[in-house]
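Raw my_file.pdb, PDB, C-alpha atoms:
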```pdb
ATOM      1  CA  MET J 607    -108.672 -43.111 -30.209
ATOM      2  CA  LYS J 608    -109.637 -45.519 -27.456
ATOM      3  CA  SER J 609    -111.081 -48.917 -28.324
ATOM      4  CA  SER J 610    -114.577 -49.886 -27.184
ATOM      5  CA  LEU J 611    -113.626 -53.546 -26.605
ATOM      6  CA  GLY J 612    -113.777 -55.284 -23.241
ATOM      7  CA  LEU J 613    -116.848 -53.582 -21.711
ATOM      8  CA  PHE J 614    -117.157 -54.140 -17.971
ATOM      9  CA  THR J 615    -120.544 -55.539 -16.938
ATOM     10  CA  ALA J 616    -122.711 -54.349 -14.067
ATOM     11  CA  ALA J 617    -122.230 -57.761 -12.488
ATOM     12  CA  ALA J 618    -118.625 -56.872 -11.698
ATOM     13  CA  ALA J 619    -119.713 -53.960  -9.549
ATOM     14  CA  VAL J 620    -122.406 -56.022  -7.859
ATOM     15  CA  ALA J 621    -119.889 -58.767  -7.082
ATOM     16  CA  SER J 622    -117.693 -56.177  -5.382
ATOM     17  CA  SER J 623    -120.521 -54.706  -3.304
ATOM     18  CA  SER J 624    -119.620 -56.875  -0.322
ATOM     19  CA  LEU J 625    -116.460 -54.769  -0.010
ATOM     20  CA  LEU J 626    -118.333 -51.463   0.229
ATOM     21  CA  ALA J 627    -117.592 -50.862   3.892
ATOM     22  CA  THR J 628    -114.041 -50.138   4.979
ATOM     23  CA  ASP J 629    -112.431 -53.098   6.722
ATOM     24  CA  ALA J 630    -111.893 -51.925  10.305
ATOM     25  CA  SER J 631    -108.916 -54.246  10.786
ATOM     26  CA  ALA J 632    -107.182 -52.625   7.802
ATOM     27  CA  ALA J 633    -107.394 -49.193   9.483
ATOM     28  CA  VAL J 634    -108.257 -47.502   6.189
ATOM     29  CA  ILE J 635    -110.546 -44.445   6.127
ATOM     30  CA  ALA J 636    -112.494 -43.463   2.991
ATOM     31  CA  PHE J 637    -113.289 -39.846   2.016
ATOM     32  CA  THR J 638    -115.578 -38.304  -0.595
ATOM     33  CA  GLN J 639    -114.581 -34.653  -0.124
ATOM     34  CA  LYS J 640    -111.178 -33.330  -1.159
ATOM     35  CA  PHE J 641    -110.889 -30.646   1.524
ATOM     36  CA  VAL J 642    -111.702 -33.166   4.278
ATOM     37  CA  TRP J 643    -109.059 -35.620   2.959
ATOM     38  CA  GLU J 644    -106.473 -32.836   2.755
ATOM     39  CA  ALA J 645    -107.273 -31.546   6.243
ATOM     40  CA  TYR J 646    -107.015 -35.042   7.681
ATOM     41  CA  VAL J 647    -103.731 -36.030   6.024
ATOM     42  CA  ASN J 648    -102.154 -32.674   6.896
ATOM     43  CA  ALA J 649    -103.173 -33.170  10.529
ATOM     44  CA  GLN J 650    -101.303 -36.501  10.463
ATOM     45  CA  GLY J 651     -98.090 -34.685   9.455
ATOM     46  CA  ASN J 652     -98.060 -35.877   5.850
ATOM     47  CA  SER J 653     -96.641 -34.167   2.793
ATOM     48  CA  VAL J 654     -99.000 -34.217  -0.205
ATOM     49  CA  TYR J 655     -97.834 -34.598  -3.803
ATOM     50  CA  LEU J 656    -100.092 -33.999  -6.815
ATOM     51  CA  GLU J 657     -99.929 -35.926 -10.090
ATOM     52  CA  ASP J 658    -102.154 -34.019 -12.517
ATOM     53  CA  PHE J 659    -100.889 -35.906 -15.610
ATOM     54  CA  ASN J 660    -100.551 -32.596 -17.487
ATOM     55  CA  ASP J 661     -96.925 -33.345 -18.405
ATOM     56  CA  ILE J 662     -97.906 -36.535 -20.213
ATOM     57  CA  ALA J 663     -98.536 -36.021 -23.924
ATOM     58  CA  ASP J 664    -101.934 -36.999 -25.307
ATOM     59  CA  GLY J 665    -102.147 -40.391 -26.946
ATOM     60  CA  PHE J 666    -101.841 -44.138 -26.491
ATOM     61  CA  TYR J 667     -99.311 -45.741 -24.120
ATOM     62  CA  ALA J 668     -98.417 -49.378 -23.681
ATOM     63  CA  SER J 669     -99.037 -50.914 -20.274
ATOM     64  CA  PRO J 670     -97.373 -50.479 -17.840
ATOM     65  CA  PHE J 671     -96.626 -46.771 -17.892
ATOM     66  CA  SER J 672     -94.271 -45.473 -15.188
ATOM     67  CA  SER J 673     -93.582 -42.015 -13.782
ATOM     68  CA  SER J 674     -93.004 -40.214 -10.485
ATOM     69  CA  VAL J 675     -94.020 -37.154  -8.502
ATOM     70  CA  GLY J 676     -91.899 -35.993  -5.586
ATOM     71  CA  PRO J 677     -90.664 -39.112  -3.749
ATOM     72  CA  VAL J 678     -93.527 -41.237  -5.100
ATOM     73  CA  ASN J 679     -92.879 -43.663  -7.944
ATOM     74  CA  TRP J 680     -96.005 -44.888  -9.690
ATOM     75  CA  ASN J 681     -97.042 -47.050 -12.611
ATOM     76  CA  ALA J 682    -100.360 -47.634 -14.332
ATOM     77  CA  LEU J 683    -101.563 -50.895 -15.861
ATOM     78  CA  ALA J 684    -104.576 -51.885 -17.936
ATOM     79  CA  THR J 685    -105.370 -54.660 -20.368
ATOM     80  CA  GLY J 686    -105.161 -53.247 -23.894
ATOM     81  CA  GLY J 687    -103.017 -50.263 -22.920
ATOM     82  CA  LEU J 688    -103.565 -46.747 -21.630
ATOM     83  CA  TYR J 689    -104.739 -43.469 -23.106
ATOM     84  CA  VAL J 690    -104.173 -39.868 -22.017
ATOM     85  CA  GLN J 691    -106.053 -36.790 -23.140
ATOM     86  CA  GLY J 692    -105.971 -33.289 -21.696
ATOM     87  CA  GLY J 693    -104.514 -34.391 -18.371
ATOM     88  CA  GLN J 694    -107.019 -37.229 -17.991
ATOM     89  CA  PHE J 695    -105.392 -40.638 -17.527
ATOM     90  CA  SER J 696    -107.527 -43.526 -18.763
ATOM     91  CA  THR J 697    -107.532 -46.916 -20.422
ATOM     92  CA  ASN J 698    -107.502 -47.694 -24.110
ATOM     93  CA  VAL J 699    -110.034 -50.498 -23.566
ATOM     94  CA  ALA J 700    -113.054 -50.395 -21.243
ATOM     95  CA  THR J 701    -111.391 -52.424 -18.505
ATOM     96  CA  ALA J 702    -109.989 -51.823 -15.014
ATOM     97  CA  LEU J 703    -107.214 -49.272 -14.434
ATOM     98  CA  THR J 704    -104.643 -50.003 -11.715
ATOM     99  CA  PHE J 705    -102.114 -47.628 -10.195
ATOM    100  CA  ASN J 706     -99.225 -49.074  -8.155
ATOM    101  CA  PHE J 707     -97.146 -46.651  -6.086
ATOM    102  CA  GLY J 708     -94.631 -46.212  -3.275
ATOM    103  CA  PRO J 709     -92.717 -45.944  -1.096
ATOM    104  CA  ASP J 710     -94.532 -45.118   2.152
ATOM    105  CA  VAL J 711     -97.769 -43.771   0.670
ATOM    106  CA  ARG J 712    -100.285 -43.543   3.520
ATOM    107  CA  GLY J 713    -103.018 -41.721   1.622
ATOM    108  CA  VAL J 714    -104.244 -41.527  -1.948
ATOM    109  CA  GLY J 715    -107.145 -39.716  -3.563
ATOM    110  CA  GLY J 716    -108.272 -37.953  -6.689
ATOM    111  CA  ASN J 717    -110.947 -37.354  -9.265
ATOM    112  CA  LEU J 718    -111.906 -40.900 -10.313
ATOM    113  CA  TYR J 719    -114.746 -41.336 -12.802
ATOM    114  CA  GLY J 720    -115.910 -42.977 -16.029
ATOM    115  CA  THR J 721    -115.687 -41.570 -19.545
ATOM    116  CA  ASP J 722    -116.792 -42.569 -23.020
ATOM    117  CA  ILE J 723    -114.501 -43.102 -25.999
ATOM    118  CA  SER J 724    -114.207 -39.310 -26.469
ATOM    119  CA  PHE J 725    -113.464 -38.574 -22.797
ATOM    120  CA  ASN J 726    -116.934 -37.241 -22.028
ATOM    121  CA  VAL J 727    -117.968 -38.087 -18.460
ATOM    122  CA  VAL J 728    -120.503 -40.929 -18.273
ATOM    123  CA  PRO J 729    -122.715 -41.225 -15.148
ATOM    124  CA  SER J 730    -121.284 -44.433 -13.724
ATOM    125  CA  ILE J 731    -121.084 -46.797 -10.808
ATOM    126  CA  VAL J 732    -117.407 -46.538  -9.942
ATOM    127  CA  THR J 733    -115.623 -49.181  -7.873
ATOM    128  CA  ILE J 734    -112.298 -48.260  -6.286
ATOM    129  CA  SER J 735    -110.292 -51.022  -4.597
ATOM    130  CA  LEU J 736    -107.034 -51.079  -2.641
ATOM    131  CA  ALA J 737    -104.545 -53.940  -2.438
ATOM    132  CA  ASP J 738    -105.663 -54.894   1.091
ATOM    133  CA  GLY J 739    -109.254 -55.496  -0.038
ATOM    134  CA  THR J 740    -110.675 -52.159   1.064
ATOM    135  CA  SER J 741    -113.185 -50.962  -1.507
ATOM    136  CA  TYR J 742    -115.548 -48.063  -2.155
ATOM    137  CA  ILE J 743    -118.474 -48.093  -4.592
ATOM    138  CA  GLY J 744    -120.324 -44.929  -5.542
ATOM    139  CA  PHE J 745    -122.298 -43.129  -8.219
ATOM    140  CA  VAL J 746    -120.103 -40.620 -10.083
ATOM    141  CA  ASP J 747    -121.474 -38.199 -12.678
ATOM    142  CA  SER J 748    -118.821 -35.477 -12.734
ATOM    143  CA  SER J 749    -115.063 -35.201 -13.209
ATOM    144  CA  ALA J 750    -115.077 -33.090 -10.033
ATOM    145  CA  ASN J 751    -116.175 -36.009  -7.834
ATOM    146  CA  TYR J 752    -113.473 -36.950  -5.337
ATOM    147  CA  THR J 753    -112.620 -40.220  -3.600
ATOM    148  CA  GLY J 754    -109.724 -40.632  -1.191
ATOM    149  CA  PHE J 755    -108.301 -43.073   1.333
ATOM    150  CA  TYR J 756    -105.955 -42.884   4.293
ATOM    151  CA  SER J 757    -104.316 -45.797   6.118
ATOM    152  CA  THR J 758    -103.485 -45.464   9.806
ATOM    153  CA  GLY J 759    -101.540 -48.710   9.545
ATOM    154  CA  ALA J 760     -99.629 -50.149   6.613
ATOM    155  CA  ALA J 761     -98.763 -48.162   3.517
ATOM    156  CA  ILE J 762    -101.210 -48.135   0.604
ATOM    157  CA  THR J 763     -99.536 -49.707  -2.426
ATOM    158  CA  SER J 764    -102.169 -49.759  -5.166
ATOM    159  CA  LEU J 765    -105.536 -48.458  -6.303
ATOM    160  CA  THR J 766    -107.774 -50.052  -8.953
ATOM    161  CA  ILE J 767    -110.656 -48.240 -10.668
ATOM    162  CA  SER J 768    -113.469 -49.826 -12.654
ATOM    163  CA  ALA J 769    -116.632 -48.196 -13.979
ATOM    164  CA  THR J 770    -119.967 -49.375 -15.340
ATOM    165  CA  PRO J 771    -122.697 -47.164 -16.804
ATOM    166  CA  SER J 772    -125.518 -46.342 -14.382
ATOM    167  CA  SER J 773    -127.915 -47.022 -17.258
ATOM    168  CA  GLY J 774    -127.545 -48.562 -20.680
ATOM    169  CA  SER J 775    -124.668 -50.703 -21.884
ATOM    170  CA  ALA J 776    -122.234 -48.260 -23.480
ATOM    171  CA  ALA J 777    -118.514 -48.805 -22.959
ATOM    172  CA  VAL J 778    -117.136 -46.875 -19.980
ATOM    173  CA  PHE J 779    -113.432 -46.233 -19.467
ATOM    174  CA  PRO J 780    -112.160 -45.705 -15.890
ATOM    175  CA  THR J 781    -110.400 -42.345 -15.766
ATOM    176  CA  ALA J 782    -108.264 -40.494 -13.208
ATOM    177  CA  ASP J 783    -107.217 -36.876 -12.789
ATOM    178  CA  ASN J 784    -105.462 -34.929 -10.035
ATOM    179  CA  LEU J 785    -104.179 -37.988  -8.181
ATOM    180  CA  GLN J 786    -102.838 -37.034  -4.735
ATOM    181  CA  PHE J 787    -100.390 -38.999  -2.596
ATOM    182  CA  ALA J 788     -99.911 -38.436   1.138
ATOM    183  CA  VAL J 789     -96.452 -39.410   2.370
ATOM    184  CA  ILE J 790     -95.126 -39.221   5.925
ATOM    185  CA  PRO J 791     -91.914 -37.133   5.753
ATOM    186  CA  THR J 792     -88.580 -38.711   6.672
ATOM    187  CA  PRO J 793     -87.266 -37.955  10.194
ATOM    188  CA  GLY J 794     -84.922 -35.294   8.802
ATOM    189  CA  ALA J 795     -87.713 -33.584   6.906
ATOM    190  CA  ARG J 796     -89.951 -33.723   9.987
ATOM    191  CA  ALA J 797     -87.217 -32.047  12.033
ATOM    192  CA  LEU J 798     -86.963 -29.224   9.487
ATOM    193  CA  LEU J 799     -90.735 -28.813   9.513
ATOM    194  CA  GLY J 800     -90.646 -28.650  13.302
ATOM    195  CA  LEU J 801     -87.994 -25.932  13.238
ATOM    196  CA  ALA J 802     -90.024 -23.983  10.702
ATOM    197  CA  GLY J 803     -93.039 -24.239  12.978
ATOM    198  CA  LEU J 804     -91.068 -22.949  15.947
ATOM    199  CA  ALA J 805     -89.756 -20.029  13.904
ATOM    200  CA  GLY J 806     -93.288 -19.189  12.810
ATOM    201  CA  ALA J 807     -94.507 -19.326  16.393
ATOM    202  CA  ARG J 808     -91.788 -16.904  17.486
ATOM    203  CA  ARG J 809     -92.758 -14.406  14.784
ATOM    204  CA  ARG J 810     -96.318 -14.364  16.097
ATOM    205  CA  ARG J 811     -95.187 -13.341  19.607
TER
END
```
Rendering of file as structure tokens:
Amino acid sequence: MKSSLGLFTAAAAVASSSLLATDASAAVIAFTQKFVWEAYVNAQGNSVYLEDFNDIADGFYASPFSSSVGPVNWNALATGGLYVQGGQFSTNVATALTFNFGPDVRGVGGNLYGTDISFNVVPSIVTISLADGTSYIGFVDSSANYTGFYSTGAAITSLTISATPSSGSAAVFPTADNLQFAVIPTPGARALLGLAGLAGARRRR
């Protein structure tokens, strides 16, 4: 079972509030609806890969934990280790959870929220930060809430989640599910996709 040590304080979220708006120079766009993120990244010609964590057995894992989905290699880090239950990827201690990933990930999104020691969702102020300083802060009270990002410039290489209770002082563990990665296909893959599109267009005539 997860430990309740290392509770994040509300001050951490307040200190990050200056990063709420997306940095225009970073060319990163934030999304709060899954279908809008998916429509946007598909329109940019990306392939999307889903990490639902369902293949990871329940229990404690030392940090870092590494895995992959499609061409994306990822690892997760947290002070005090990591904990997985029922396809939910979380921390063993109520501290920040960081995912590093690559190569060439232009978009990332998923269900990012806070849970208690038993993996019940806790209404929380969730802060999500990228390596370039882009950050989003929002109120999350459901595991269905979605937050996503897309970079029109450099690749996105990491995502860090922290959570504080919206009321009270109970320990909250940042938790992720259904993490999606948007990757621009290689030139060869793009050529195959183009041929498939032409074939489809011919069938419609």
Using all atoms listed in the file, which of the listed residues (J:Ala750, J:Ala769, J:Ala782, J:Ile731) sits closest to Gln694 of chain J?
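Closest to Gln694 of chain J, using all atoms listed in the file: J:Ala782.
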Proximity check segment 748-773 of chain J to segment 634-643 of chain J, 10 Å, nearest pairs one decimal Å, only C-alpha atoms, as a tab-separated table:
```
residue	atom	partner	partner_atom	distance
J:Ala750	CA	J:Lys640	CA	9.7
J:Asn751	CA	J:Thr638	CA	7.6
J:Tyr752	CA	J:Thr638	CA	5.4
J:Thr753	CA	J:Thr638	CA	4.6
J:Gly754	CA	J:Phe637	CA	4.9
J:Phe755	CA	J:Ala636	CA	4.5
J:Tyr756	CA	J:Ile635	CA	5.2
J:Ser757	CA	J:Val634	CA	4.3
J:Thr758	CA	J:Val634	CA	6.3
J:Gly759	CA	J:Val634	CA	7.6
J:Ala760	CA	J:Val634	CA	9.0
J:Ala761	CA	J:Val634	CA	9.9
J:Ile762	CA	J:Val634	CA	9.0
```
Given the point (-100.1, -34.5, -14.6) in the coordinates of this file, which residues lie within 8 Å, counting only C-alpha atoms, and how would they look as a count of residues only?
10
Between J:Pro677, J:Pro771, J:Gly692, J:Pro780, which is the closest to Ile734 of chain J once you count all atoms listed in the file?
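Of J:Pro677, J:Pro771, J:Gly692, J:Pro780, the one nearest Ile734 of chain J, counting all atoms listed in the file, is J:Pro780.
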Explicit residue set for the PyMOL selection byres ((chain J and resi 787) around 7), as a PyMOL selection string
chain J and resi 654-656+711+713-715+785-786+788-789
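Going from atom CA of Arg712 of chain J to atom CA of Thr733 of chain J covers 19.9 Å.
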What is the atom CA of Ser730 of chain J-atom CA of Val746 of chain J distance in Å, reported with one decimal?
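Atom CA of Ser730 of chain J sits 5.4 Å away from atom CA of Val746 of chain J.
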In the coordinates of the file, take the point (-117.5, -44.8, -16.0) and a cut-off of 9 Å; then, counting only C-alpha atoms, name each qualifying protein, DNA or RNA residue as a ChimeraX atom specification.
/J:700,718-722,727-732,746-747,768-772,777-781
What is the atom CA of Thr766 of chain J to atom CA of Val699 of chain J distance in Å?
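Between atom CA of Thr766 of chain J and atom CA of Val699 of chain J the gap works out to 14.8 Å.
Matched in the shown structure by the PyMOL selection byres ((chain J and resi 665) around 8): J:Met607, J:Ala663, J:Asp664, J:Phe666, J:Tyr667, J:Tyr689, J:Val690, J:Gln691.
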Could you tell me which residues the PyMOL selection byres ((chain J and resi 679) around 10) returns for this structure, as a list in words?
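Listing what the PyMOL selection byres ((chain J and resi 679) around 10) selects in the shown file: Ser672, Ser673, Ser674, Val675, Gly676, Pro677, Val678, Trp680, Asn681, Asn706, Phe707, Gly708, Pro709 and Val711 of chain J.
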Which is closer to Pro670 of chain J than all the others in J:Leu765, J:Ala702, J:Ala682, J:Ala649, using all atoms listed in the file?
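Of the candidates, the smallest distance to Pro670 of chain J is held by J:Ala682.
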Box dimensions and centre (Å, one decimal) enclosing segment 646-660 of chain J, axis-aligned, 4 Å extra per side, as AutoDock Vina command-line options:
```
--center_x -101.8 --center_y -34.5 --center_z -3.5 --size_x 18.4 --size_y 11.9 --size_z 36.0
```
Find, counting only C-alpha atoms, the residue in J:Thr701, J:Ser764, J:Ser653, J:Ser696 that gets nearest to Leu736 of chain J.
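For Leu736 of chain J, the nearest of the given residues is J:Ser764.
With distances restricted to all atoms listed in the file, J:Thr792 is the closest residue to Asn652 of chain J from J:Thr697, J:Ser735, J:Thr792, J:Ser748.
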